[in-house]
>>> print(open('structure-v8.cif').read())   # mmCIF, C-alpha atoms
data_query
#
loop_
_atom_site.label_atom_id
_atom_site.label_comp_id
_atom_site.auth_asym_id
_atom_site.auth_seq_id
_atom_site.Cartn_x
_atom_site.Cartn_y
_atom_site.Cartn_z
CA MET A 4 15.99 -11.12 -39.27
CA GLU A 5 19.25 -11.42 -37.39
CA ARG A 6 19.04 -12.30 -33.73
CA ASP A 7 20.46 -8.96 -32.59
CA ASP A 8 17.78 -7.22 -34.57
CA LEU A 9 14.85 -8.68 -32.71
CA ALA A 10 15.01 -6.45 -29.65
CA ILE A 11 15.65 -3.35 -31.78
CA ASP A 12 12.71 -4.33 -33.95
CA GLY A 13 10.57 -4.37 -30.79
CA LEU A 14 11.81 -0.93 -29.81
CA LEU A 15 11.08 0.45 -33.28
CA ARG A 16 7.59 -0.98 -33.19
CA GLU A 17 6.98 0.53 -29.77
CA LEU A 18 8.28 3.89 -30.95
CA ALA A 19 5.86 3.74 -33.88
CA ARG A 20 2.99 2.53 -31.68
CA ALA A 21 3.24 5.39 -29.19
CA PRO A 22 5.53 8.11 -30.58
CA GLU A 23 4.59 10.67 -27.95
CA GLY A 24 6.30 9.04 -24.99
CA GLU A 25 4.29 7.63 -22.10
CA ASP A 26 1.21 5.79 -23.30
CA HIS A 27 -1.34 7.25 -20.90
CA ALA A 28 -4.20 5.24 -22.37
CA PHE A 29 -2.41 1.95 -21.83
CA VAL A 30 -1.43 2.85 -18.27
CA ALA A 31 -4.99 3.98 -17.52
CA ARG A 32 -6.40 0.71 -18.89
CA VAL A 33 -4.09 -1.38 -16.74
CA LEU A 34 -4.77 0.65 -13.60
CA ALA A 35 -8.52 0.59 -14.24
CA ARG A 36 -8.45 -3.17 -14.50
CA THR A 37 -6.57 -3.48 -11.24
CA GLN A 38 -9.47 -1.63 -9.60
CA GLN A 39 -12.11 -4.03 -10.92
CA PRO A 40 -13.32 -6.42 -8.26
CA THR A 41 -12.42 -9.99 -9.08
CA LEU A 42 -13.91 -11.40 -5.92
CA PRO A 43 -17.08 -13.18 -7.02
CA ARG A 44 -15.38 -15.67 -9.29
CA ALA A 45 -13.00 -17.02 -6.65
CA PRO A 46 -15.58 -18.13 -4.10
CA ILE A 47 -17.81 -19.54 -6.81
CA LEU A 48 -14.95 -21.60 -8.17
CA ALA A 49 -13.95 -22.65 -4.68
CA ALA A 50 -17.43 -23.67 -3.73
CA ALA A 51 -18.03 -25.38 -7.05
CA ALA A 52 -14.79 -27.36 -6.72
CA ILE A 53 -15.66 -28.45 -3.22
CA LEU A 54 -19.23 -29.25 -4.16
CA PHE A 55 -18.07 -31.37 -7.06
CA ALA A 56 -15.60 -33.25 -4.88
CA MET A 57 -18.20 -33.79 -2.23
CA GLY A 58 -20.80 -34.90 -4.75
CA VAL A 59 -18.44 -37.46 -6.25
CA PHE A 60 -17.47 -38.74 -2.84
CA LEU A 61 -21.03 -38.97 -1.62
CA ALA A 62 -22.20 -40.76 -4.72
CA LEU A 63 -19.55 -43.43 -4.24
CA THR A 64 -20.00 -43.86 -0.51
CA PRO A 65 -21.89 -46.98 0.67
CA ALA A 66 -24.58 -46.77 3.31
CA ALA A 67 -23.17 -45.87 6.69
CA PRO A 68 -24.42 -44.27 9.92
CA THR A 69 -22.49 -41.15 9.10
CA VAL A 70 -20.52 -40.05 6.12
CA ARG A 71 -17.19 -38.42 6.20
CA ILE A 72 -16.82 -35.61 3.71
CA VAL A 73 -13.39 -34.90 2.45
CA ALA A 74 -13.22 -31.57 0.73
CA VAL A 75 -10.41 -30.83 -1.65
CA ARG A 76 -8.45 -27.67 -1.43
CA PRO A 77 -9.35 -25.75 -4.56
CA LEU A 78 -6.96 -23.48 -6.33
CA CYS A 79 -9.03 -20.36 -5.83
CA VAL A 80 -10.03 -19.73 -2.23
CA ALA A 81 -9.26 -16.06 -2.06
CA ASP A 82 -12.47 -15.04 -0.37
CA ALA A 83 -14.17 -18.21 0.67
CA ALA A 84 -12.93 -18.14 4.24
CA ARG A 85 -14.88 -21.26 5.13
CA MET A 86 -17.70 -23.51 4.08
CA ARG A 87 -21.04 -23.65 5.82
CA LEU A 88 -22.81 -27.01 5.87
CA LEU A 89 -26.57 -26.78 5.80
CA MET A 90 -29.10 -29.56 6.13
CA LYS A 91 -32.72 -29.62 5.13
CA ASP A 92 -34.77 -30.07 8.27
CA PRO A 93 -36.94 -33.16 7.61
CA ALA A 94 -39.54 -31.81 10.02
CA THR A 95 -39.99 -28.27 8.73
CA SER A 96 -38.19 -28.20 5.34
CA GLY A 97 -36.28 -25.22 6.66
CA LEU A 98 -32.49 -25.21 6.81
CA LEU A 99 -30.39 -26.24 9.76
CA LEU A 100 -26.82 -25.12 10.22
CA LEU A 101 -24.64 -28.14 10.84
CA GLY A 102 -21.47 -26.14 11.16
CA GLU A 103 -18.74 -24.23 9.40
CA VAL A 104 -15.43 -25.68 8.36
CA PRO A 105 -12.35 -24.09 6.85
CA VAL A 106 -11.98 -24.61 3.13
CA GLY A 107 -10.12 -27.85 2.66
CA ALA A 108 -11.04 -29.30 6.06
CA SER A 109 -13.16 -32.39 6.74
CA ALA A 110 -16.61 -32.61 8.28
CA ARG A 111 -19.20 -35.24 9.14
CA VAL A 112 -22.82 -35.03 8.15
CA PRO A 113 -25.70 -37.40 8.97
CA ALA A 114 -26.29 -40.21 6.51
CA GLY A 115 -29.49 -39.95 4.51
CA SER A 116 -29.70 -36.21 4.93
CA GLU A 117 -30.02 -33.57 2.24
CA ILE A 118 -27.27 -31.03 2.57
CA LEU A 119 -26.35 -27.74 0.95
CA PHE A 120 -23.14 -25.77 1.02
CA GLN A 121 -22.42 -22.12 1.41
CA ALA A 122 -19.11 -20.42 0.80
CA VAL A 123 -18.73 -17.84 3.55
CA GLY A 124 -16.59 -14.73 3.39
CA ALA A 125 -14.43 -13.34 6.16
CA ASP A 126 -17.33 -11.05 7.13
CA GLY A 127 -19.45 -14.07 8.01
CA MET A 128 -21.89 -13.61 5.12
CA ALA A 129 -22.56 -16.06 2.33
CA LEU A 130 -20.74 -15.53 -0.93
CA TRP A 131 -22.40 -18.41 -2.72
CA THR A 132 -25.05 -21.02 -1.94
CA SER A 133 -25.30 -24.33 -3.75
CA PRO A 134 -28.40 -24.18 -5.92
CA ARG A 135 -29.71 -27.61 -4.92
CA ALA A 136 -29.38 -30.06 -2.10
CA THR A 137 -27.15 -33.12 -2.27
CA LYS A 138 -28.59 -36.34 -0.87
CA VAL A 139 -26.10 -38.08 1.38
CA ALA A 140 -25.94 -41.83 0.83
CA GLY A 141 -27.06 -44.23 3.53
CA ALA A 142 -30.14 -44.93 5.56
CA PRO A 143 -31.43 -41.81 7.34
CA VAL A 144 -30.41 -41.54 10.94
CA PRO A 145 -32.26 -39.50 13.54
CA LEU A 146 -30.74 -36.06 13.82
CA ASP A 147 -29.28 -35.12 17.14
CA ARG A 148 -30.67 -31.61 17.46
CA LYS A 149 -27.77 -30.42 19.54
CA ASP A 150 -25.55 -30.87 16.50
CA ALA A 151 -27.62 -28.54 14.36
CA ARG A 152 -28.71 -24.99 14.73
CA SER A 153 -31.75 -23.27 13.29
CA VAL A 154 -32.41 -19.56 13.14
CA GLU A 155 -36.06 -18.76 13.64
CA PHE A 156 -37.68 -15.45 13.00
CA SER A 157 -39.87 -15.31 16.09
CA ARG A 158 -37.15 -16.54 18.44
CA ASP A 159 -33.94 -15.05 17.02
CA VAL A 160 -34.80 -12.13 14.76
CA LYS A 161 -37.97 -10.50 15.96
CA PRO A 162 -36.51 -9.50 19.35
CA ILE A 163 -33.73 -7.62 17.55
CA LEU A 164 -36.17 -5.82 15.30
CA ASP A 165 -38.44 -5.05 18.24
CA LEU A 166 -35.54 -3.56 20.14
CA HIS A 167 -34.02 -1.44 17.38
CA CYS A 168 -36.49 -0.94 14.54
CA SER A 169 -40.12 -1.27 15.52
CA GLY A 170 -40.27 2.19 17.03
CA CYS A 171 -40.13 3.72 13.56
CA HIS A 172 -40.83 0.89 11.09
CA ALA A 173 -43.66 -1.56 10.62
CA GLU A 174 -42.08 -4.96 10.99
CA ALA A 175 -43.69 -6.44 7.90
CA ASP A 176 -42.61 -3.53 5.67
CA LEU A 177 -39.12 -3.67 7.05
CA VAL A 178 -38.65 -7.36 6.37
CA ARG A 179 -40.50 -7.52 3.08
CA GLY A 180 -38.55 -4.88 1.24
CA ALA A 181 -35.15 -5.22 2.82
CA VAL A 182 -34.49 -8.94 2.73
CA HIS A 183 -33.16 -11.07 -0.13
CA PRO A 184 -33.29 -14.68 1.11
CA PHE A 185 -29.89 -16.44 1.04
CA GLU A 186 -28.16 -13.15 0.21
CA ALA A 187 -27.41 -11.26 3.40
CA ARG A 188 -24.78 -9.17 1.71
CA ARG A 189 -27.41 -7.87 -0.71
CA SER A 190 -30.03 -7.32 1.97
CA PRO A 191 -30.45 -3.74 3.19
CA LEU A 192 -31.79 -5.07 6.51
CA VAL A 193 -28.27 -6.32 7.19
CA THR A 194 -26.05 -3.97 5.27
CA GLN A 195 -27.84 -0.63 5.34
CA THR A 196 -29.59 -0.50 8.64
CA HIS A 197 -28.97 2.66 10.61
CA ALA A 198 -29.92 1.00 13.89
CA PRO A 199 -27.08 0.66 16.40
CA LEU A 200 -26.86 -3.13 16.13
CA SER A 201 -24.15 -4.99 17.95
CA GLY A 202 -21.85 -7.24 15.93
CA ALA A 203 -23.59 -10.32 17.28
CA GLU A 204 -27.03 -8.96 16.39
CA ARG A 205 -25.93 -8.13 12.89
CA GLN A 206 -24.43 -11.61 12.49
CA GLN A 207 -27.69 -13.11 13.71
CA LEU A 208 -29.69 -11.17 11.11
CA ALA A 209 -27.18 -12.11 8.41
CA LEU A 210 -27.31 -15.79 9.30
CA TRP A 211 -31.10 -15.76 9.28
CA VAL A 212 -31.12 -14.21 5.81
CA ASP A 213 -28.40 -16.54 4.53
CA LEU A 214 -30.40 -19.55 5.74
CA GLY A 215 -33.36 -18.45 3.65
CA ALA A 216 -35.08 -15.90 5.93
CA THR A 217 -37.85 -18.32 6.75
CA GLY A 218 -40.77 -17.47 9.01
CA ARG A 219 -40.78 -13.80 8.09
CA PRO A 220 -44.09 -11.95 8.32
CA MET B 2 -5.27 -27.50 7.49
CA THR B 3 -2.73 -24.76 7.81
CA ILE B 4 -3.93 -21.23 8.27
CA GLN B 5 -1.42 -18.66 7.26
CA LYS B 6 -1.82 -15.22 8.74
CA VAL B 7 -0.74 -12.51 6.40
CA GLY B 8 -0.24 -8.94 7.51
CA GLU B 9 -2.62 -6.42 6.01
CA PRO B 10 -0.72 -4.43 3.40
CA ASP B 11 -1.35 -0.73 3.04
CA LYS B 12 -3.60 -0.88 -0.02
CA ALA B 13 -3.30 2.79 -0.94
CA LEU B 14 0.48 2.72 -0.72
CA GLU B 15 0.59 -0.52 -2.67
CA ALA B 16 -1.59 0.98 -5.43
CA LYS B 17 0.63 4.07 -5.70
CA GLY B 18 3.73 1.92 -5.85
CA PHE B 19 2.28 -0.29 -8.55
CA GLU B 20 1.16 2.70 -10.59
CA ALA B 21 4.68 4.12 -10.43
CA LEU B 22 6.15 0.80 -11.56
CA VAL B 23 3.72 0.61 -14.49
CA ARG B 24 4.56 4.15 -15.56
CA VAL B 25 8.30 3.48 -15.46
CA HIS B 26 8.30 0.08 -17.12
CA HIS B 27 5.32 -0.14 -19.48
CA ARG B 28 7.07 0.98 -22.65
CA GLN B 29 9.99 -1.37 -22.23
CA LEU B 30 7.54 -4.17 -21.51
CA LEU B 31 5.54 -3.32 -24.60
CA SER B 32 8.77 -3.26 -26.64
CA TYR B 33 9.56 -6.70 -25.34
CA ALA B 34 6.08 -8.00 -26.19
CA LEU B 35 6.33 -6.39 -29.63
CA ALA B 36 9.69 -8.03 -30.26
CA LEU B 37 8.04 -11.37 -29.56
CA THR B 38 4.70 -10.93 -31.32
CA ARG B 39 5.32 -8.09 -33.81
CA ARG B 40 1.64 -7.23 -33.47
CA PRO B 41 0.75 -4.11 -31.47
CA GLU B 42 -2.73 -5.30 -30.47
CA VAL B 43 -1.45 -8.65 -29.24
CA ALA B 44 1.54 -7.06 -27.53
CA GLU B 45 -0.75 -4.68 -25.64
CA ASP B 46 -2.95 -7.57 -24.54
CA LEU B 47 0.00 -9.66 -23.38
CA ALA B 48 1.64 -6.77 -21.53
CA GLN B 49 -1.66 -5.83 -19.91
CA GLU B 50 -2.37 -9.39 -18.80
CA ALA B 51 1.15 -9.72 -17.46
CA LEU B 52 0.85 -6.50 -15.46
CA LEU B 53 -2.46 -7.64 -14.00
CA ILE B 54 -0.86 -10.89 -12.91
CA ALA B 55 2.00 -8.89 -11.44
CA HIS B 56 -0.49 -6.71 -9.58
CA ARG B 57 -2.26 -9.76 -8.22
CA ASP B 58 0.99 -11.35 -7.08
CA LEU B 59 2.71 -8.17 -5.97
CA ALA B 60 2.93 -9.45 -2.39
CA LYS B 61 5.08 -12.33 -3.63
CA PHE B 62 7.45 -10.05 -5.50
CA ASP B 63 10.85 -9.66 -3.94
CA ALA B 64 11.57 -5.93 -3.99
CA ALA B 65 15.28 -6.67 -4.35
CA ARG B 66 14.60 -8.14 -7.79
CA ASP B 67 14.05 -6.23 -11.00
CA PHE B 68 10.37 -5.56 -11.64
CA GLY B 69 10.88 -5.33 -15.41
CA ALA B 70 12.62 -8.70 -15.56
CA TRP B 71 9.89 -10.26 -13.45
CA VAL B 72 7.08 -9.01 -15.70
CA ARG B 73 9.06 -9.95 -18.83
CA GLY B 74 9.06 -13.50 -17.51
CA ILE B 75 5.26 -13.35 -17.28
CA ILE B 76 4.99 -11.87 -20.78
CA ARG B 77 7.20 -14.67 -22.07
CA MET B 78 4.89 -17.24 -20.51
CA LYS B 79 1.85 -15.46 -21.97
CA TYR B 80 3.53 -15.35 -25.37
CA LEU B 81 4.08 -19.10 -25.32
CA GLU B 82 0.43 -19.61 -24.34
CA TRP B 83 -0.65 -17.32 -27.17
CA THR B 84 1.37 -19.16 -29.81
CA ARG B 85 0.03 -22.47 -28.51
CA SER B 86 -3.60 -21.41 -28.51
CA HIS B 87 -3.34 -19.81 -31.97
CA ARG B 88 -1.18 -22.61 -33.39
CA LEU B 89 1.49 -20.15 -34.43
CA GLU B 90 5.13 -20.83 -34.95
CA ARG B 91 7.03 -19.46 -32.00
CA MET B 92 10.48 -17.99 -31.72
CA SER B 93 13.21 -20.35 -30.65
CA GLU B 94 14.39 -20.37 -27.05
CA GLY B 95 17.65 -18.90 -28.28
CA GLN B 96 15.93 -16.00 -29.98
CA ILE B 97 13.81 -15.25 -26.92
CA GLU B 98 16.87 -15.44 -24.70
CA GLN B 99 18.65 -13.01 -27.03
CA ILE B 100 15.82 -10.51 -26.67
CA ASP B 101 15.84 -11.02 -22.90
CA ALA B 102 19.57 -10.44 -22.74
CA GLN B 103 19.26 -7.23 -24.74
CA HIS B 104 16.51 -5.94 -22.45
CA ARG B 105 18.59 -6.79 -19.38
CA GLU B 106 21.38 -4.65 -20.80
CA TRP B 107 19.01 -1.78 -21.52
CA ASP B 108 17.64 -2.08 -17.99
CA LEU B 109 21.17 -1.93 -16.64
CA ALA B 110 21.96 1.13 -18.74
CA ALA B 111 18.88 2.88 -17.35
CA GLU B 112 19.73 1.83 -13.82
CA GLU B 113 23.26 3.15 -14.15
CA GLY B 114 22.02 6.44 -15.57
CA ARG B 115 23.49 5.83 -19.03
CA GLY B 116 20.15 6.52 -20.69
CA ASP B 117 16.82 5.11 -21.70
CA ALA B 118 16.84 2.83 -24.76
CA LEU B 119 13.64 4.21 -26.28
CA ALA B 120 14.69 7.82 -25.85
CA ALA B 121 18.10 7.01 -27.29
CA LEU B 122 16.54 5.19 -30.23
CA ARG B 123 14.35 8.21 -30.97
CA LEU B 124 17.45 10.38 -31.21
CA CYS B 125 19.24 7.80 -33.35
CA ARG B 126 16.22 7.57 -35.61
CA GLU B 127 16.23 11.33 -36.13
CA GLU B 128 19.79 11.11 -37.39
CA LEU B 129 18.79 8.83 -40.24
CA GLY B 130 17.90 10.31 -43.58
CA GLY B 131 17.12 9.49 -47.18
CA HIS B 132 15.74 6.16 -48.32
CA ILE B 133 16.51 4.43 -45.05
CA ALA B 134 14.36 6.81 -43.00
CA GLU B 135 11.56 6.67 -45.53
CA THR B 136 11.61 2.88 -45.60
CA LEU B 137 11.62 2.67 -41.82
CA ASP B 138 8.61 4.99 -41.59
CA LEU B 139 6.65 3.08 -44.19
CA PHE B 140 7.40 -0.26 -42.51
CA TYR B 141 7.04 0.62 -38.81
CA VAL B 142 4.74 3.65 -38.74
CA GLY B 143 2.77 2.98 -41.92
CA ARG B 144 2.78 -0.78 -41.19
CA ARG B 145 3.15 -1.59 -44.88
CA THR B 146 4.55 -4.84 -46.19
CA CYS B 147 7.96 -5.03 -47.84
CA ALA B 148 6.29 -5.85 -51.17
CA ASP B 149 4.03 -2.83 -50.87
CA ILE B 150 6.95 -0.54 -49.99
CA ALA B 151 8.96 -1.93 -52.88
CA THR B 152 6.15 -1.11 -55.33
CA ARG B 153 5.75 2.33 -53.86
CA LEU B 154 9.46 3.16 -54.03
CA GLY B 155 10.00 1.48 -57.39
CA THR B 156 12.41 -1.18 -56.23
CA THR B 157 12.41 -4.85 -55.24
CA GLU B 158 11.30 -6.52 -52.05
CA LEU B 159 14.83 -7.82 -51.47
CA VAL B 160 16.22 -4.29 -51.55
CA ILE B 161 13.65 -3.18 -48.99
CA ARG B 162 14.51 -6.08 -46.70
CA LYS B 163 18.21 -5.27 -46.95
CA ARG B 164 17.49 -1.62 -46.35
CA LEU B 165 15.53 -2.43 -43.17
CA GLN B 166 18.32 -4.72 -42.04
CA ARG B 167 20.85 -1.97 -42.64
CA ALA B 168 18.68 0.52 -40.76
CA ARG B 169 18.48 -1.75 -37.71
CA ASP B 170 22.23 -2.30 -37.81
CA VAL B 171 22.87 1.43 -37.90
CA LEU B 172 20.40 2.05 -35.10
CA GLY B 173 21.93 -0.77 -33.06
CA ASP B 174 25.39 0.79 -33.37
CA CYS B 175 24.01 4.20 -32.51
CA LEU B 176 22.30 2.77 -29.40
CA LYS B 177 25.55 1.17 -28.31
CA LYS B 178 27.29 4.51 -28.50
CA ARG B 179 24.54 6.40 -26.71
CA LEU B 180 24.03 3.86 -23.93
CA GLY B 181 27.67 3.08 -23.35
CA ALA B 182 30.06 0.30 -24.14
CA ILE B 183 28.20 -2.39 -22.21
CA HIS B 184 25.29 -2.29 -24.67
CA GLY B 185 25.28 -5.26 -26.97
CA ALA B 186 28.36 -6.76 -25.39
#
>>> encode(input="structure-v8.cif", output="structure tokens")
Amino acid sequence: MERDDLAIDGLLRELARAPEGEDHAFVARVLARTQQPTLPRAPILAAAAILFAMGVFLALTPAAPTVRIVAVRPLCVADAARMRLLMKDPATSGLLLLGEVPVGASARVPAGSEILFQAVGADGMALWTSPRATKVAGAPVPLDRKDARSVEFSRDVKPILDLHCSGCHAEADLVRGAVHPFEARRSPLVTQTHAPLSGAERQQLALWVDLGATGRP
Amino acid sequence: MTIQKVGEPDKALEAKGFEALVRVHHRQLLSYALALTRRPEVAEDLAQEALLIAHRDLAKFDAARDFGAWVRGIIRMKYLEWTRSHRLERMSEGQIEQIDAQHREWDLAAEEGRGDALAALRLCREELGGHIAETLDLFYVGRRTCADIATRLGTTELVIRKRLQRARDVLGDCLKKRLGAIHGA
């Protein structure tokens, strides 16, 4: 085929493919696909990339009082606004919140600790939680409790439920059916409550659920 | 770490604008993909993927540029990926550039109100008659091979190839006339 023919050949093929003019089916397919949410994959990839980088770094790090974690900036960080660093509490086996860092930033965690990561969306709720803890190299050091935060049901959650919910709902029923541990954004207690919660109260409930919803009745 | 604050775009307006762009450009983009791949199913996939990438990156698109040319660039990249992954022989850079140049001219003709290439081609096609029209229909609409058409029309494959070549030449000249002198320059 001559060079000049190639573009005309394309036009002829298009004319034969859709002789009626606008191809409504094609347009509809494209527009439908633009509506499909593509969010979950990005934070998972982001968190996985960071987790991998952290794991490699930690595995190669010699014993030290503290370990510096250098996270790489992954290619896909569309919805992972920041990373939450969690540590297994050696005393209770619950999770402690060590802090939140922007994706790509650095953080320090105690040597010898077992840590987990959570990718957190702009709404403050977890998008993804690492499925298992990573053991940080080095001899364990005593944890300075002021550097870690726990969320306890009796201290941090129950007062909110007592204030807003207990008038109509039994506490146990409310918590049992409406909480998916580690998944605040799937938990009706956080996302579907009709109680007039303040932003801070809702964040507190979400954090408690995202940290595993421990201590619930 | 640098945090870049980006203004919140009006999502509804953005969606409407993108839909309008798709409606205006999709057939030319499919023609371009078909010129590269010659396979309707593949061309639809490539054009669709390219439009989804364009939708994703719409915020980066400079409105002063030509949307069709931008998406053609994405289709071209997708075409090269496709030939690589399927281990197919690809068109030469020169051939691809020739197709690009032709589409730029058709875009310009549309922009200047001299007509739409597909609509003009339809009219040109209707002017054809006899063996040429029949051969074109069997090849493009019926998607038959040259050998098959030759058997059906009681002639040789070479004659069919020449007939198709002649048909494209005639249609090319007709398009030039309908879209103005700049076409094919």
>>> interface_residues(input="structure-v8.cif", of="chain B", to="chain A", cutoff="8 Å", atoms="only C-alpha atoms", output="JSON list (two decimals) with C-alpha atoms, keeping the file's coordinate frame")
[["chain", "number", "residue", "atom", "x", "y", "z"],
["B", 2, "MET", "CA", -5.27, -27.50, 7.49],
["B", 20, "GLU", "CA", 1.16, 2.70, -10.59],
["B", 23, "VAL", "CA", 3.72, 0.61, -14.49],
["B", 24, "ARG", "CA", 4.56, 4.15, -15.56],
["B", 27, "HIS", "CA", 5.32, -0.14, -19.48],
["B", 28, "ARG", "CA", 7.07, 0.98, -22.65],
["B", 29, "GLN", "CA", 9.99, -1.37, -22.23],
["B", 31, "LEU", "CA", 5.54, -3.32, -24.60],
["B", 32, "SER", "CA", 8.77, -3.26, -26.64],
["B", 33, "TYR", "CA", 9.56, -6.70, -25.34],
["B", 34, "ALA", "CA", 6.08, -8.00, -26.19],
["B", 35, "LEU", "CA", 6.33, -6.39, -29.63],
["B", 36, "ALA", "CA", 9.69, -8.03, -30.26],
["B", 37, "LEU", "CA", 8.04, -11.37, -29.56],
["B", 39, "ARG", "CA", 5.32, -8.09, -33.81],
["B", 41, "PRO", "CA", 0.75, -4.11, -31.47],
["B", 45, "GLU", "CA", -0.75, -4.68, -25.64],
["B", 49, "GLN", "CA", -1.66, -5.83, -19.91],
["B", 52, "LEU", "CA", 0.85, -6.50, -15.46],
["B", 53, "LEU", "CA", -2.46, -7.64, -14.00],
["B", 56, "HIS", "CA", -0.49, -6.71, -9.58],
["B", 96, "GLN", "CA", 15.93, -16.00, -29.98],
["B", 99, "GLN", "CA", 18.65, -13.01, -27.03],
["B", 100, "ILE", "CA", 15.82, -10.51, -26.67],
["B", 103, "GLN", "CA", 19.26, -7.23, -24.74],
["B", 104, "HIS", "CA", 16.51, -5.94, -22.45],
["B", 119, "LEU", "CA", 13.64, 4.21, -26.28],
["B", 122, "LEU", "CA", 16.54, 5.19, -30.23],
["B", 123, "ARG", "CA", 14.35, 8.21, -30.97],
["B", 141, "TYR", "CA", 7.04, 0.62, -38.81],
["B", 142, "VAL", "CA", 4.74, 3.65, -38.74],
["B", 166, "GLN", "CA", 18.32, -4.72, -42.04],
["B", 169, "ARG", "CA", 18.48, -1.75, -37.71],
["B", 170, "ASP", "CA", 22.23, -2.30, -37.81],
["B", 172, "LEU", "CA", 20.40, 2.05, -35.10],
["B", 173, "GLY", "CA", 21.93, -0.77, -33.06]]
>>> residues_around(input="structure-v8.cif", residues="Leu98 of chain A", least_positions_apart="2", cutoff="10 Å", atoms="all atoms listed in the file", output="ChimeraX atom specification")
/A:88-93,95-96,100-101,117-119,151-154,211,213-217
>>> resolve_selection(input="structure-v8.cif", expression="the PyMOL selection byres ((chain A and resi 209) around 9)", output="count of residues only")
21
>>> resolve_selection(input="structure-v8.cif", expression="the PyMOL selection byres ((chain B and resi 129) around 12)", output="compact mmCIF listing (two decimals) with C-alpha atoms, in the coordinates of the input")
# COMPACT_ATOMS: atom_id res chain seq x y z
CA LEU B 122 16.54 5.19 -30.23
CA ARG B 123 14.35 8.21 -30.97
CA LEU B 124 17.45 10.38 -31.21
CA CYS B 125 19.24 7.80 -33.35
CA ARG B 126 16.22 7.57 -35.61
CA GLU B 127 16.23 11.33 -36.13
CA GLU B 128 19.79 11.11 -37.39
CA GLY B 130 17.90 10.31 -43.58
CA GLY B 131 17.12 9.49 -47.18
CA HIS B 132 15.74 6.16 -48.32
CA ILE B 133 16.51 4.43 -45.05
CA ALA B 134 14.36 6.81 -43.00
CA GLU B 135 11.56 6.67 -45.53
CA THR B 136 11.61 2.88 -45.60
CA LEU B 137 11.62 2.67 -41.82
CA ASP B 138 8.61 4.99 -41.59
CA ARG B 167 20.85 -1.97 -42.64
CA ALA B 168 18.68 0.52 -40.76
CA ARG B 169 18.48 -1.75 -37.71
CA ASP B 170 22.23 -2.30 -37.81
CA VAL B 171 22.87 1.43 -37.90
CA LEU B 172 20.40 2.05 -35.10
CA CYS B 175 24.01 4.20 -32.51
>>> atom_distance(input="structure-v8.cif", atom1="atom CA of Asp117 of chain B", atom2="atom CA of Lys178 of chain B")
12.5 Å
>>> closest_residue(input="structure-v8.cif", among="B:Trp107, B:Ala118, B:Thr38, B:Glu50", to="Glu90 of chain B", atoms="only C-alpha atoms")
B:Thr38
>>> residues_near_point(input="structure-v8.cif", point="(-18.5, -21.5, 8.4)", cutoff="6 Å", atoms="only C-alpha atoms", output="list of chain:residue names")
A:Arg85, A:Met86, A:Arg87, A:Glu103, A:Val104
>>> closest_residue(input="structure-v8.cif", among="A:Ala94, A:Ala198, A:Ala35, A:Leu130", to="Gly170 of chain A", atoms="only C-alpha atoms")
A:Ala198
>>> axis_aligned_box(input="structure-v8.cif", around="segment 139-154 of chain B", padding_each_side="8 Å", output="AutoDock Vina command-line options")
--center_x 6.1 --center_y -1.1 --center_z -47.0 --size_x 22.7 --size_y 25.5 --size_z 32.6
>>> atom_distance(input="structure-v8.cif", atom1="atom CA of Asp174 of chain B", atom2="atom CA of Glu106 of chain B")
14.3 Å
>>> atom_distance(input="structure-v8.cif", atom1="atom CA of Ala84 of chain A", atom2="atom CA of Leu59 of chain B")
21.2 Å
>>> resolve_selection(input="structure-v8.cif", expression="the PyMOL selection byres ((chain A and resi 164) around 12)", output="PyMOL selection string")
chain A and resi 156-163+165-178+192-193+196+198-200+204-205+207-208+219
>>> residues_around(input="structure-v8.cif", residues="Arg73 of chain B", least_positions_apart="4", cutoff="7 Å", atoms="all atoms listed in the file", output="PyMOL selection string")
chain B and resi 30+69+77
>>> residues_near_point(input="structure-v8.cif", point="(-29.6, -35.7, -2.2)", cutoff="8 Å", atoms="only C-alpha atoms", output="ChimeraX atom specification")
/A:115-118,136-140
>>> build_atoms(input="structure-v8.cif", residues="segment 153-159 of chain A", atoms="N, CA and C atoms", output="short mmCIF file (atom, residue, chain, number, x, y, z; two decimals), in the coordinates of the input")
data_model
loop_
_atom_site.label_atom_id
_atom_site.label_comp_id
_atom_site.auth_asym_id
_atom_site.auth_seq_id
_atom_site.Cartn_x
_atom_site.Cartn_y
_atom_site.Cartn_z
N SER A 153 -30.82 -23.95 14.18
CA SER A 153 -31.75 -23.27 13.29
C SER A 153 -31.81 -21.81 13.71
N VAL A 154 -32.20 -20.96 12.80
CA VAL A 154 -32.41 -19.56 13.14
C VAL A 154 -33.87 -19.26 12.81
N GLU A 155 -34.62 -18.96 13.84
CA GLU A 155 -36.06 -18.76 13.64
C GLU A 155 -36.40 -17.29 13.81
N PHE A 156 -37.33 -16.87 12.98
CA PHE A 156 -37.68 -15.45 13.00
C PHE A 156 -38.21 -15.02 14.37
N SER A 157 -39.21 -15.76 14.85
CA SER A 157 -39.87 -15.31 16.09
C SER A 157 -38.91 -15.36 17.29
N ARG A 158 -38.04 -16.36 17.28
CA ARG A 158 -37.15 -16.54 18.44
C ARG A 158 -35.86 -15.70 18.35
N ASP A 159 -35.29 -15.62 17.14
CA ASP A 159 -33.94 -15.05 17.02
C ASP A 159 -33.89 -13.68 16.35
#
